[in-house]
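This report refers to the structure that appears directly beneath it.
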Amino acid sequence: MSGLNAPQKLAVEYVDGPLLVLAGAGSGKTKVITEKIAHLIATGRHEAKHVAAITFTNKAAREMRERVARRVKGDKAEGLTISTFHSLGLKFLQIEHERAQLRRGFSIFDSDDQLAIVKDLAPAGLKNDALYALHNLISAAKNNGLSPEQAAEAARSLREREAAGLYARYQARLQAFNAVDFDDLIRLPLLLLDADAELAAGWRERIRYLLVDECQDTNGAQYRLLKHLAGTRGAMTCVGDDDQSIYAWRGANPENLDQLAQDYPRIKVVMLEQNYRCSGRILRSANALIAKNAHAHPKQLWSQHGDGEPVRVWACKNNEHEAERVAAEIHYLAQAKEILWGEFAVLFRGNHQSRPLEKALQLLRIPYHLTGGTAFLDRGEVKDALSWLRVLANPDDDAAFLRAIASPKREVGATTLEKLAGLAQQAQLSLSKAAENISLLKQLTPRAANGLNEFTGIIHRLRDASERLTPAELTRKLVEQSGLLAMIRAQCKDEASYLRRKENLDELALWFENARGGGAGELAAQLALLTNADRGEPGNQVRLMSLHAAKGLEFAAVFVIGCDDGNLPHSASIEEGRLEEERRLMYVGITRAKAHLYLSHNAETKRWGSVEHLLPSRFLDELPAGDLLRDGSDPERESAEKKIRGRASIKEIASLFDP
DNA sequence: GGTGAGCTTCTTTAC
DNA sequence: GAAGCTCACC
């Protein structure tokens, strides 16, 4: 174990009881976790198969897996669990599915599927935001580990009581579909562990040492789950930073960090306050910003680094201008400072902000990798194929059936489906099973029955074949036999768009090829937990991602774009009084940078087609003026720098490639 | 039952 | 400014 400072060393070596590591940004917390895993294994304290590290994003899990692989060689790391809370919950449910009253191949409902249930059950005519609100209330109850009954008892308003009633029916619907939603991946394991001490003991036997990253992001249910896994002996290390709590909107409860000390009075607390990442000016900016938040336990982050470059604050005309400046500056810095493409990151509040950037980077032939969002899984053709896989694995998945039966169209329309739904309900069957039922089919028009028969036939053939095929092969076969490929071919007017969509389907199959464990159904469930962030290896490419996705990463040069009031902080968060979380988000962005930091704002932006005027983010005013270099504040320096860069516009740089 | 024109409507973030 | 929805029409 090399290169650890005293508190880091203490955190790694302390294994005699529960440990809380309060780790400031850039203080080496991932290093502590990976070193600790290596330490636990190397000292023979625990075999790898009894150690589990939990993170919040798949990306963080992968990052940690890579770092552990570099640190622990050979088969020593065999059986080590590094996964997200949700992946662990999924694994738990796939093993314990019977106790959870789920059948093998159960589906995971994504946000769209979930909302569709709410829409179906809620009073007709509710607007989208009311439906979202209801779903959020259900989700909040689940995140607190409440059952529908408990939610009803806890309800403090009419709205909440109505939502609790809806929750009960929502859950019944999921049960009927042999499906779970994201929240159930935490709630159901918790429910089972609460109810069965033996089961809990069994899982503690499997997971004898637990490490939890980003502990401030745990919600109520996750916190109780981790207590189950750690048990009363508290064989665990929790790492967290309340200043980087940015997930309250999905139920995260940073007070869980304090709760730990109450639940484990013997807990040892280690503070990591030395920042190894940021230059002096960057760190001072971050410290000044976060000091505006109320703190129960203020940290003092310090660093041995020199001042470094000033933090640049750019006033841009609009998003295109901003993107062009960023691209040109990256182009310049890469040459002048010999910074690799992969050491640049452009961070933004919303994923849609990447578009102008992509254009500008393409213009300059700068390779980039866009992570974040769920764009891949949201592609229509990918959803279609996944729906087919879900029906194959889970005949009770009505949501998947409804999508699959309509892609491609086979003369089964809304009228038939409504009729089928009625018949299915009477017979207590799922849609897919009802469609296989001859006597039920007789009650439909011959044309509709034909269409359903055709569908059922294909499903049966694929299901038979699925036993001999790998998930990847099954996916490829399905794409052909379902008629999906032909449908895409017919829909696409030009060859290029056909190929692009076909490629997405190829990529789906490829993902299955590289994934391990389970049949197509299990893999399809795992896939539901992935986002764009988890696709492909980002090579030596400029990284484009949301501020949320950037947590835990570091780069030589960071551009935080769109520092506009209303965007960062976001207007919705301002209205809901979540300004401190927005400030933490900005803090996370700033502290990703090692040497070069750029914060840009815009005079105007286009929103839904029309132009909107903007003011700079209020957070920019909270930064120490002495460490900033604002546009226009130092004309002499600016003109000197312009001379060094030697070019006026991105067009001129681009013309070097395309004369 | 399927299709396209014309209308409305906007989750930021992610498992 | 795109995506989804409704409705008239084939």
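For the structure tokens, the naming scheme is as follows: chains receive sequential letters (A, B, ...) according to their order of presentation, residues are indexed from 1 within each chain, and ligands are indexed from 1 in presentation order.
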
Check your understanding: Could you write out as number ranges by chain the residues of chain B within 12 Å of chain A, counting only C-alpha atoms (C1' of nucleotides)?
Key -> B: 1-2, 8-15

Exercise for review: Show which residues sit within 10 Å of stretch 41-48 of chain A, as a VMD selection string. Count only C-alpha atoms (C1' of nucleotides), and ignore same-chain residues fewer than 3 positions away.
Suggested key: chain A and resid 15 35 to 38 51 to 52 72 75 to 81 207 to 209

Restricted to C-alpha atoms, what would the selected residues look like written as an mmCIF file, in the first residue's frame?
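Writing done, so here's part.cif:
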data_model
loop_
_atom_site.group_PDB
_atom_site.id
_atom_site.type_symbol
_atom_site.label_atom_id
_atom_site.label_comp_id
_atom_site.auth_asym_id
_atom_site.auth_seq_id
_atom_site.Cartn_x
_atom_site.Cartn_y
_atom_site.Cartn_z
ATOM 1 C CA VAL A 15 -11.425 -3.091 10.017
ATOM 2 C CA GLU A 35 -7.014 0.095 -1.355
ATOM 3 C CA LYS A 36 -9.284 -1.161 1.358
ATOM 4 C CA ILE A 37 -10.702 -3.869 -0.866
ATOM 5 C CA ALA A 38 -7.139 -4.877 -1.749
ATOM 6 C CA VAL A 51 -16.638 -8.454 0.033
ATOM 7 C CA ALA A 52 -19.158 -6.135 -1.605
ATOM 8 C CA VAL A 72 -5.499 -6.867 -7.222
ATOM 9 C CA ASP A 75 -7.867 -14.628 -9.489
ATOM 10 C CA LYS A 76 -7.584 -13.035 -6.056
ATOM 11 C CA ALA A 77 -10.451 -10.724 -6.958
ATOM 12 C CA GLU A 78 -12.632 -13.613 -8.099
ATOM 13 C CA GLY A 79 -16.174 -13.317 -6.803
ATOM 14 C CA LEU A 80 -15.804 -9.754 -5.572
ATOM 15 C CA THR A 81 -19.068 -7.826 -5.777
ATOM 16 C CA ILE A 207 -21.476 -10.363 2.295
ATOM 17 C CA ARG A 208 -19.170 -10.229 5.282
ATOM 18 C CA TYR A 209 -17.687 -6.858 4.558
#

Counting only C-alpha atoms (C1' of nucleotides), what are the residues of chain A within 10 Å of chain C, and for each of them which pair of atoms is the nearest and at what distance in Å, to one decimal? Sort the table by chain and rising number, as a Markdown table.
| residue | atom | partner | partner_atom | distance |
| --- | --- | --- | --- | --- |
| A:Lys606 | CA | C:DG1 | C1' | 9.7 |
| A:Arg607 | CA | C:DG1 | C1' | 8.6 |
| A:Trp608 | CA | C:DG1 | C1' | 5.7 |
| A:Gly609 | CA | C:DG1 | C1' | 5.4 |
| A:Ser610 | CA | C:DG1 | C1' | 9.2 |

Check your understanding: Mind pulling up the distance from atom CA of A:Val479 to atom CA of A:Ala385?
Key ->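 According to the coordinates, atom CA of A:Ala385 and atom CA of A:Val479 are separated by 6.7 Å.
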
Check your understanding: Got a sec to tell me which of stretch 236-384 of chain A DSSP assigns to helix (DSSP H, G or I), as a PyMOL selection string?
Key -> chain A and resi 242-244+248-250+256-263+280-290+319-336+341-343+351-363+375-378+380-384

Review point. What lies within 6 Å of stretch 333-347 of chain A using only C-alpha atoms (C1' of nucleotides), ignoring chain neighbours under 5 positions off, as an MDAnalysis selection string?
Key: chainID A and resid 540:547 555:560

Point to revise | DSSP-assigned strand (DSSP E or B) members of stretch 174-271 of chain A, reported as a PyMOL selection string | key: chain A and resi 179-181+209-212+219+236-240+252+268-271
